[in-house]
Every structure is written in structure tokens, then in C-alpha cells.
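Chemist: The structure under discussion is supplied below as C-alpha cells; questions concerning it will follow.
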Amino acid sequence: MFRKVLASTALAAAVTLAVQPVAHAGKANDELVWSTNREATVADPYYNNTRELVIIGNTVWDGLLFRDLKTGEFVPLLAKSYKWIDNLTIDFELRDDVKFHDGSSFGPEDVVYTVKHVSNKDNGVLTFKNVSWMKDAEKTGANSVRIHLHEPFPAALAYFAQAVFVMPEGHYDSAASTADGKKQYGAVAPVGTGPYKITNVVAGDRIEMVKNDNYMKNGPKGQPSIGKLTFRTLKEMNTQIAELLTGGVDWIWDVPKDQAEKLKDSGRATVTNAKTMRVSYIAFDVDGDSGEPAFKNKKVREAVAHAINRQSIVENLVGPASVVIDSACHPDQFGCTQDVKKWDYDPAKAKALLKEAGYEKGLTTDIYAYRQREFTEAVIGDLANVGIQANLKFMQYRALRDLVWKGTTPLHQMTWGSNSIPDVSAITSHFFAGGRDDPAKDPKVAAALKIADTSVDPEVRKAKYKEALGIISSELYWLPMFTYAKYYAYGSEVDFTPTPDEIPRFYTAKWK
Amino acid sequence: MLIYAVKRLSVALLVALTVSLLTFSMIYLSGDPAMALAGEAATQADIENIRRVYGYDQPIYVQYFGWLGNALTGDLGQSHYLNSPVSEVIFTRLPVTMILGASALSFGLLLAIPLGVLAAMRPNTILDRFALGLAVIGQALPSFWFALIMIFFFGVALRWLPITGSDSWLNFVMPSIALGYYITPAVMRLTRAGMIEVLSSDYIRTARAKGLRPSVVLFKHALRNAIIPVVSLAAVQFGFMLGGSIVIETIFAINGLGQLAWESILRADLPMMQAIVLVLSCIYIILTLVADILNAFLDPRIRVS
């Protein structure tokens, strides 16, 4: 009898559990599930600087401006209009029909509060350079604000569009304190004005969002179409692909080229290769700080530049949307010119240059890298063909950057995404204005960049950036390699268009 | 017995302390935590500011002893990366890892013990070789590969099982098999060896001579004695399952402690990493301690020695 009862109970439990519905993404549920291998642990774009929060930031929050990707222009978003008063002051007229997700009205007090909070160093905004150029803000009318800058910053419009998200007044005031008195600003429940609102955050697992039915009308972002949007962390690419094939997720990216091509051939997903703002470069130890004097000699740097077949890497490893670059910036950024000294693939010339430099028997060195090992292995293969034996030191980003700052890397291949800011100041000025990332600390370059970064005349900026980029290229402080391209894969029901700045606009996605 | 337990506990605490110190040092050796927190596009000024605001500008020993002092009072600290109390995050994620560990262990034992018994009943026969082969395959297969193969067959091709998550018991089937299969050889060999020894002992011969049914002799008299060392091994293996579930949790997107540990290493989340190591060490130590005491309880010779 007891055995019978036990067996019946076990059977009932099994049946009950077996028929539990497993949540599925897709058109039928009006839920678009997108997945990456990174965790989104804090749902606040100021206190989590992963790419995922850049995407969610643009989905859940709005900035004062918006970058129209078709024209490249900055158009008003939360603002109705803007006007530079002088090089250090900008006025915004604000929309009066915008509501936050909690139902409160948006107004100038919110902008003032946000600017004051994020520009205060002590509040610990993680990517402080995104906001540090703002000095203060003041309300100038019922629907207007004035923002003061520390110094002329012509790239401000790009940051207003992509990095300065407006929070409601008093948003961070409710942040809990830790035992040592530190405020946990990132733990405050997220409230924005954007096309989607966050409804649930499961740290490290998912962030769930629903369509904001009260989103502003006639705004440049348009109206969201899909009812629910869920971000899921799936660390393993094979798992992501398996979930995409079985309908567990609708959208993934960063798919390796070989797997992307197989997916495309299978016809079970839409696969697209699209460009990003990220570039790859090789930096040389031009001062010999690493103990390897070879790269002080410009002829050796030229030999390296001629030895590497960048076009082949682009075609065979990166993807069709990638292009070789000659300049230390992304071609889509304001002020970036490719009209600089070019270093063609010419192994014979590379060997001759090595001989001239006194390395006719070859050279052995270390090359450091942290991302896409196969790209650096291709570089190593090319270098070996001309007699340069480069030993790969592959490590975590933060460990490598520490070594770069200490000057102990003779050669390193790294990448830079510019935070998707479409302005040369976000890359060239970062690396060549004399800071710790600057491999050469060339005063001529730094001087040209200083003028370009602070001038409000676009033509002056372009001319000075060109001057700086020309020196960097001709002196070969960097060998710019190529722009990155990403493979996206998404379900055949999803109507999605990749964008070139690595910020997918899910609020424009629709079901077919 | 009490003195024995106190001695074992003292050693266990020293081990936990040493492990925490080593972890702290190793994480610092792998790079600057302020740089990890600041992210890839951070400037030098950003990193310096984070170092100041989040307290990473203090000497390492000050940070360590500060953490240790708080930990002794029950405060495991704050994760700057997660903006949450460390203990809260750990105890949110621990249950799912415990479920995975327990189900993997159950699978491993359910496979290994019958295999061990079968092998012992017919030693050095084809059956014995088959059982051994099946178990050894479990140890030889890389768990990530085995997991991906299962995903392909049961998740993608047949669609019998969900691939990721931890929403229902079905989510734990593939991860438990992938994780549990690995412990099969050790348990199976121990069961086999114990059973062979016990089956040749006098009291089993007596039981058989009394005319007891073979199944009663095997399960009631022989297995009950042969399985004692397996109990202590299982306790240790459970600790291994908890600490070693990183790969499996990653592949099946199970939001547990293993995945949290891996992420914490990558982002140099010092308080989180320290706390995870401490918690896992404590669990492991408790399990080992329980196993030791259990063995001593079951076998008086251990107590005396």
C-alpha cells in the first residue's frame, strides 16, 4: 500500500513538473529576448559601464539630444532646442510633454539635479570622463536650463546624446548607505523617460523591460513596437546559438565568423555583419622603456607595418563590414581622416628595413594582447615571415593595461571603442595628449590635439586633428589595424537593423 | 571524540584563513581592481577617482585586515561592482548551486554504486570491465564538451529539455548529468573494492550458509558495510561539486555561485571573491569535518589513532 502511494505521488509530481511551461521568446509572446555574454548587474548607466548598460541606457533613458544616424546630426530629444551662448555655456529649451516611468513630469529641475549629481567626483560615476566636462547647471525658466562647462568642449553634443541620461530629481537621494557610509547609488530602482521601462532586475541573470505606452510623441526615437524586451546573460556562445535555434532567445551578437557563416547557411536565423566604432591597433614601445630597444628605431616599426597583411585579417577573420584603417581613429568619427601616410603590405620591404636596422638575422620580442587571440596570432604569423619572432602574452584587459601604463610591453595589440562617441577626441586625444596611454608623448601632437579639442570652429578642429594624425602615422607611434565588425544573428521573425555605433536600437525593432 | 572534533575544527579554521589571504593576494596580483571597475574606456583620472572613492587607494594589508575584521563580525562587505551587500548576493545564488550540487551528486551516486556492486559481483569479467569503462569515460570526457553534446541532442535536435536557466527541475537534468558523471569513477572503484573485500569476509559466508537470499546478503549485509567509505567520499565530492560547477553553470546559464565566482575574478570584485572563497571553504571544511567525524563514529580505530 505504502509503495503504491509513494509511486502515485512521485508520478503526480513528475507530471506536474514536466508540464510546467518553459518561457519562450518570440512574436507569439510579444517578447524579444536579447542575449550577450556579459552580466548586467546594476541597472544604472552611470554605475555600470558595460556595453549592455550603454544599450539599456539608451533604451530606458533619454538624453537632451539624439544623434540621427542617417545624417550624423544631433537633434533635440528631451530638449526642444539648444543654443551655444559662448564656448562654455549652452542653453536648452525643454519639452513639456515628457513623463518619467513613475508618472512624474520631466522638467528643468531633473536636468539640474542630474548634472549636479553626476559631475560631482565624490558620487563615483564610473566613466567620469563622460560627465566631467560639465561644471554646473541652473534652471533658467519653467522649461529651460543652462549648462556650464569647465572649458570649451566641442564634443559636448555627442555626450549629451549618448552619455548624459536624465534622472528624475531626487532619484539618488534614496540610495542606501553601506556600513562605511558609502552610498549605493547604483542600487536605486531605475526610473527613466525612455521607450522602455525596467520592471525586473535579476542581477547577473536578466533585466526585464516593458514598452512605455506613455512615451513622448513625435520624438526622434519613434514609438516602441515590441511589448516586452528582456536582456539575458548567456556566457557561452554555443549556448546562445542553441537558444537562438530553439526560440529561447531572439537576438545575439559577437558570433564568431565561422559559426555565423554556418548559422547563415542553415537558414534558421538572419545573420548580418555590421561595423562598430571599435578599432584595433598595435602600439610600439618607441622609448624603449620595456627594455627592448628595437622599436626605438623607426625602421623596425616600419618593418612591422609592412610585414602585417591587415587586409587579409579583415577578409578572413573579422568580417565584410570591417575595413583597414591608416589613421589612429575610426573613419566615422568627426575629424578622422585617412589622408595620412599609408603602410602597405610588403614583406620584402619589411625584410630589407630590418636588415638596414641591423636585424638581418631577425628579432625576437613579446607581443601582448587581450582580445580575439586569433587576430594577434595572424599578426604573429606575418611577423614570423619576415624574421620577427613575436611571443604572444595573452592576458586580461586590466592586467595588460597596467603593464602598458608601466611601459613594459614592447608591442601590444589592443582595441578601443570610444564609448561609441563619434568624435576623434574620444580616441586620438585619449591616447596621444600626453597621458599614461600615450606611447610617444610627442609635444607637437599634444599641442595640435589641445587646439582641436577645445576649438569650437569645426574647420580648425579638422585641420588640427589631421596634423596630429599625420604625425602619429608618419612616425608610426601606432600601427592602426582595422575597424571591428560584429556578426549579429536574430530570429527570422525579428525586423531589426544593426547600427554602426554598437548601440542596437531595440526600440525600433518590430515583428515581421 | 570531542577532542578529536575540536582539533579538526581548529585546523579547518586555519585552512579557511590561509585560503582567504592567498585569494586576496592573488586577485591583486592579477591587476588593479579600480581599473576593472572603471572599465575599458576609462581614463587615468577616472581610475584615480574610483580608487579614491571606493577605497582602493589604501595599502593592501589595510584593505585585507579591514575586510577580515568586518567578516569576523558577520559583515562580508559590499560589492562595488554590484552595488549590493556581498552576503545578500551570495545567499541569493547559493541555493541554486546547492540544488545543482545535490542533484549532480545524486546522479553520480545512483550510477556509480550499482556499477560498483555489479563489478564486485563479477570481478575481472566483461561486466566488470564494462562498468569500469563506463565510469572512466565519465572522468575522461571534458565536462564542457559533454554538456554541449547533450545540449545539441536533447536541447536542439530532440527539444526534450530546456537548455538554460533554473526555472524548473527539467533545467537541472543536463547540468546534473554533466557534473555528476565526473565523480562516477572514484565512487564506483571505492564501492567495488569495498564490496569485493566484504563479500569475501567470514560473516558474508555465514549469511550465505544460513540460506539467506542473495539479494539480502548483497544489499542488507554486504553493501551496508562496504558503503561506509563511500559516505565520506560523497561528502567531499559534494564540496567539489559546489566549487567546481563554474563551467557547468556557465554553459547552462545557471545563475549560481560558480558563475558569480568566475565573474568576480574577471572584474576583480575583491569583497565578493573573498566572501565566495570563504563561504565555499567553510562549506568544504564542514563537509570534510562531518565526513571525518562520521568515519570516526563509524570506525572506532580512527578515534583511537
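By order of appearance in the C-alpha cells: chains A, B, ..., then residues from 1 within every chain, and ligands from 1 in the order shown.
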Would you list the contacts of Leu88 in chain A as JSON, numbers by chain, taking every protein, DNA or RNA residue within 12 Å and counting only C-alpha atoms, but skipping same-chain residues closer than 2 positions in sequence?
Modeler: {"A": [83, 84, 85, 86, 90, 91, 133, 134, 135, 136, 137, 146, 147, 148, 149, 150, 151, 152, 153, 154, 156, 454, 455, 456]}
Chemist: Residues of chain A within 9 Å of chain B, counting only C-alpha atoms - could you list those as a PyMOL selection string?
Modeler: chain A and resi 17-18+20+22+38-39+41-42+47-50+121-129+178-179+182-187+203-205+233-239+242-243+245-246+248+396-402+416-419+430+435-437
Chemist: Select, from A:Tyr172, A:Phe74, A:Tyr196, A:Phe165, the residue with the minimum atom-to-atom distance to His101 in chain A, counting only C-alpha atoms.
Modeler: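 Nearest candidate to His101 in chain A out of A:Tyr172, A:Phe74, A:Tyr196, A:Phe165: A:Tyr196.
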Chemist: Would you compute the distance between CA of Arg268 in chain A and CA of Arg232 in chain A? Give it in Å to one decimal.
Modeler: 20.6 Å
Chemist: Smallest atom-to-atom distance to Tyr46 in chain A: which of A:Val318, A:Leu449, A:Ala163, A:Ala25, using only C-alpha atoms?
Modeler: A:Ala163
Chemist: Can you list, as a list in words, every protein, DNA or RNA residue that comes within 12 Å of range 121-126 of chain B when you count only C-alpha atoms, leaving out same-chain residues fewer than 6 positions away?
Modeler: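 So, after excluding close chain neighbours, the residues are Pro114, Leu115, Leu132, Gly133, Arg189, Thr191, Arg192, Ala193, Gly194, Met195, Ile196, Glu197, Val198, Leu199, Ser200, Pro214, Ser215, Val217, Leu218, Phe219, Ala222 and Leu223 of chain B.
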Chemist: DSSP on the backbone: which residues in range 271-480 of chain A end up as strand (DSSP E or B)? Give the answer as a compact mmCIF listing (two decimals) with N, CA and C atoms, in the first residue's frame.
Modeler:
```txt
# COMPACT_ATOMS: atom_id res chain seq x y z
N VAL A 271 21.49 36.53 -40.34
CA VAL A 271 22.85 36.83 -39.90
C VAL A 271 23.36 38.05 -40.66
N THR A 272 23.87 39.02 -39.91
CA THR A 272 24.36 40.26 -40.52
C THR A 272 25.71 40.62 -39.93
N ASN A 273 26.57 41.11 -40.77
CA ASN A 273 27.85 41.63 -40.28
C ASN A 273 27.77 43.15 -40.37
N ALA A 274 27.96 43.82 -39.25
CA ALA A 274 27.83 45.29 -39.25
C ALA A 274 29.03 45.91 -38.56
N LYS A 275 29.37 47.11 -39.01
CA LYS A 275 30.54 47.76 -38.43
C LYS A 275 30.24 48.31 -37.04
N THR A 276 31.31 48.54 -36.30
CA THR A 276 31.20 49.12 -34.96
C THR A 276 32.17 50.30 -34.86
N MET A 277 32.13 50.98 -33.74
CA MET A 277 33.05 52.13 -33.56
C MET A 277 34.43 51.68 -33.05
N ARG A 278 34.56 50.38 -32.80
CA ARG A 278 35.81 49.87 -32.21
C ARG A 278 36.89 49.71 -33.28
N VAL A 279 38.12 50.06 -32.91
CA VAL A 279 39.23 49.84 -33.82
C VAL A 279 40.32 49.02 -33.12
N SER A 280 41.11 48.35 -33.93
CA SER A 280 42.24 47.59 -33.42
C SER A 280 43.52 48.33 -33.80
N TYR A 281 44.50 48.28 -32.93
CA TYR A 281 45.77 48.95 -33.23
C TYR A 281 46.92 48.18 -32.59
N ILE A 282 48.11 48.43 -33.13
CA ILE A 282 49.33 47.92 -32.49
C ILE A 282 50.13 49.12 -32.05
N ALA A 283 50.52 49.13 -30.78
CA ALA A 283 51.33 50.24 -30.26
C ALA A 283 52.75 49.75 -30.02
N PHE A 284 53.69 50.64 -30.30
CA PHE A 284 55.12 50.30 -30.15
C PHE A 284 55.71 50.97 -28.91
N VAL A 324 40.33 48.16 -43.30
CA VAL A 324 41.67 48.52 -42.82
C VAL A 324 41.71 50.02 -42.60
N PHE A 334 34.04 62.30 -36.14
CA PHE A 334 34.31 63.66 -36.62
C PHE A 334 35.80 63.94 -36.48
N LEU A 363 64.62 39.13 -35.23
CA LEU A 363 64.40 39.81 -33.95
C LEU A 363 63.40 38.99 -33.15
N THR A 364 63.66 38.83 -31.88
CA THR A 364 62.70 38.13 -31.01
C THR A 364 62.16 39.11 -29.98
N THR A 365 60.85 39.14 -29.85
CA THR A 365 60.23 40.08 -28.91
C THR A 365 58.94 39.49 -28.37
N ASP A 366 58.26 40.25 -27.50
CA ASP A 366 56.95 39.82 -26.97
C ASP A 366 55.86 40.70 -27.55
N ILE A 367 54.72 40.11 -27.82
CA ILE A 367 53.56 40.90 -28.22
C ILE A 367 52.44 40.58 -27.24
N TYR A 368 51.82 41.62 -26.72
CA TYR A 368 50.76 41.47 -25.72
C TYR A 368 49.40 41.71 -26.35
N ALA A 369 48.42 40.97 -25.90
CA ALA A 369 47.06 41.15 -26.43
C ALA A 369 46.05 40.67 -25.40
N ILE A 388 60.64 38.24 -37.65
CA ILE A 388 60.38 38.75 -36.29
C ILE A 388 59.62 37.67 -35.52
N GLN A 389 60.28 37.13 -34.51
CA GLN A 389 59.67 36.10 -33.68
C GLN A 389 58.96 36.80 -32.51
N ALA A 390 57.63 36.88 -32.60
CA ALA A 390 56.86 37.56 -31.55
C ALA A 390 56.18 36.53 -30.66
N ASN A 391 56.51 36.53 -29.40
CA ASN A 391 55.90 35.58 -28.45
C ASN A 391 54.65 36.21 -27.85
N LEU A 392 53.55 35.47 -27.95
CA LEU A 392 52.28 36.02 -27.51
C LEU A 392 52.13 35.96 -25.99
N LYS A 393 51.79 37.10 -25.42
CA LYS A 393 51.43 37.19 -23.99
C LYS A 393 49.97 37.62 -23.96
N PHE A 394 49.10 36.67 -23.72
CA PHE A 394 47.66 36.95 -23.79
C PHE A 394 47.12 37.03 -22.37
N LEU A 411 55.52 45.51 -27.72
CA LEU A 411 54.45 45.59 -28.73
C LEU A 411 53.16 45.17 -28.05
N HIS A 412 52.08 45.88 -28.31
CA HIS A 412 50.80 45.35 -27.83
C HIS A 412 49.71 45.65 -28.83
N GLN A 413 48.86 44.66 -29.01
CA GLN A 413 47.70 44.84 -29.88
C GLN A 413 46.48 44.97 -28.98
N MET A 414 45.84 46.14 -29.08
CA MET A 414 44.66 46.37 -28.26
C MET A 414 43.55 46.98 -29.11
N THR A 415 42.43 47.28 -28.47
CA THR A 415 41.31 47.86 -29.20
C THR A 415 40.74 49.03 -28.41
N TRP A 416 39.94 49.85 -29.08
CA TRP A 416 39.31 50.98 -28.41
C TRP A 416 37.95 51.24 -29.05
N ASP A 423 33.48 61.17 -32.29
CA ASP A 423 34.35 62.34 -32.32
C ASP A 423 35.78 61.87 -32.03
N TRP A 478 51.70 54.35 -33.55
CA TRP A 478 50.71 53.26 -33.61
C TRP A 478 50.73 52.72 -35.03
N LEU A 479 50.42 51.45 -35.15
CA LEU A 479 50.02 50.95 -36.45
C LEU A 479 48.52 50.70 -36.37
N PRO A 480 47.69 51.63 -36.90
CA PRO A 480 46.25 51.37 -36.88
C PRO A 480 45.97 50.13 -37.73
```
Chemist: Tell me, which residues of range 51-276 of chain B carry DSSP alpha helix (DSSP H), written as number ranges by chain?
Modeler: B: 51-53, 60-72, 86-121, 126-140, 143-150, 173-180, 184-199, 202-209, 214-215, 224-226, 228-243, 246-251, 257-266, 270-276
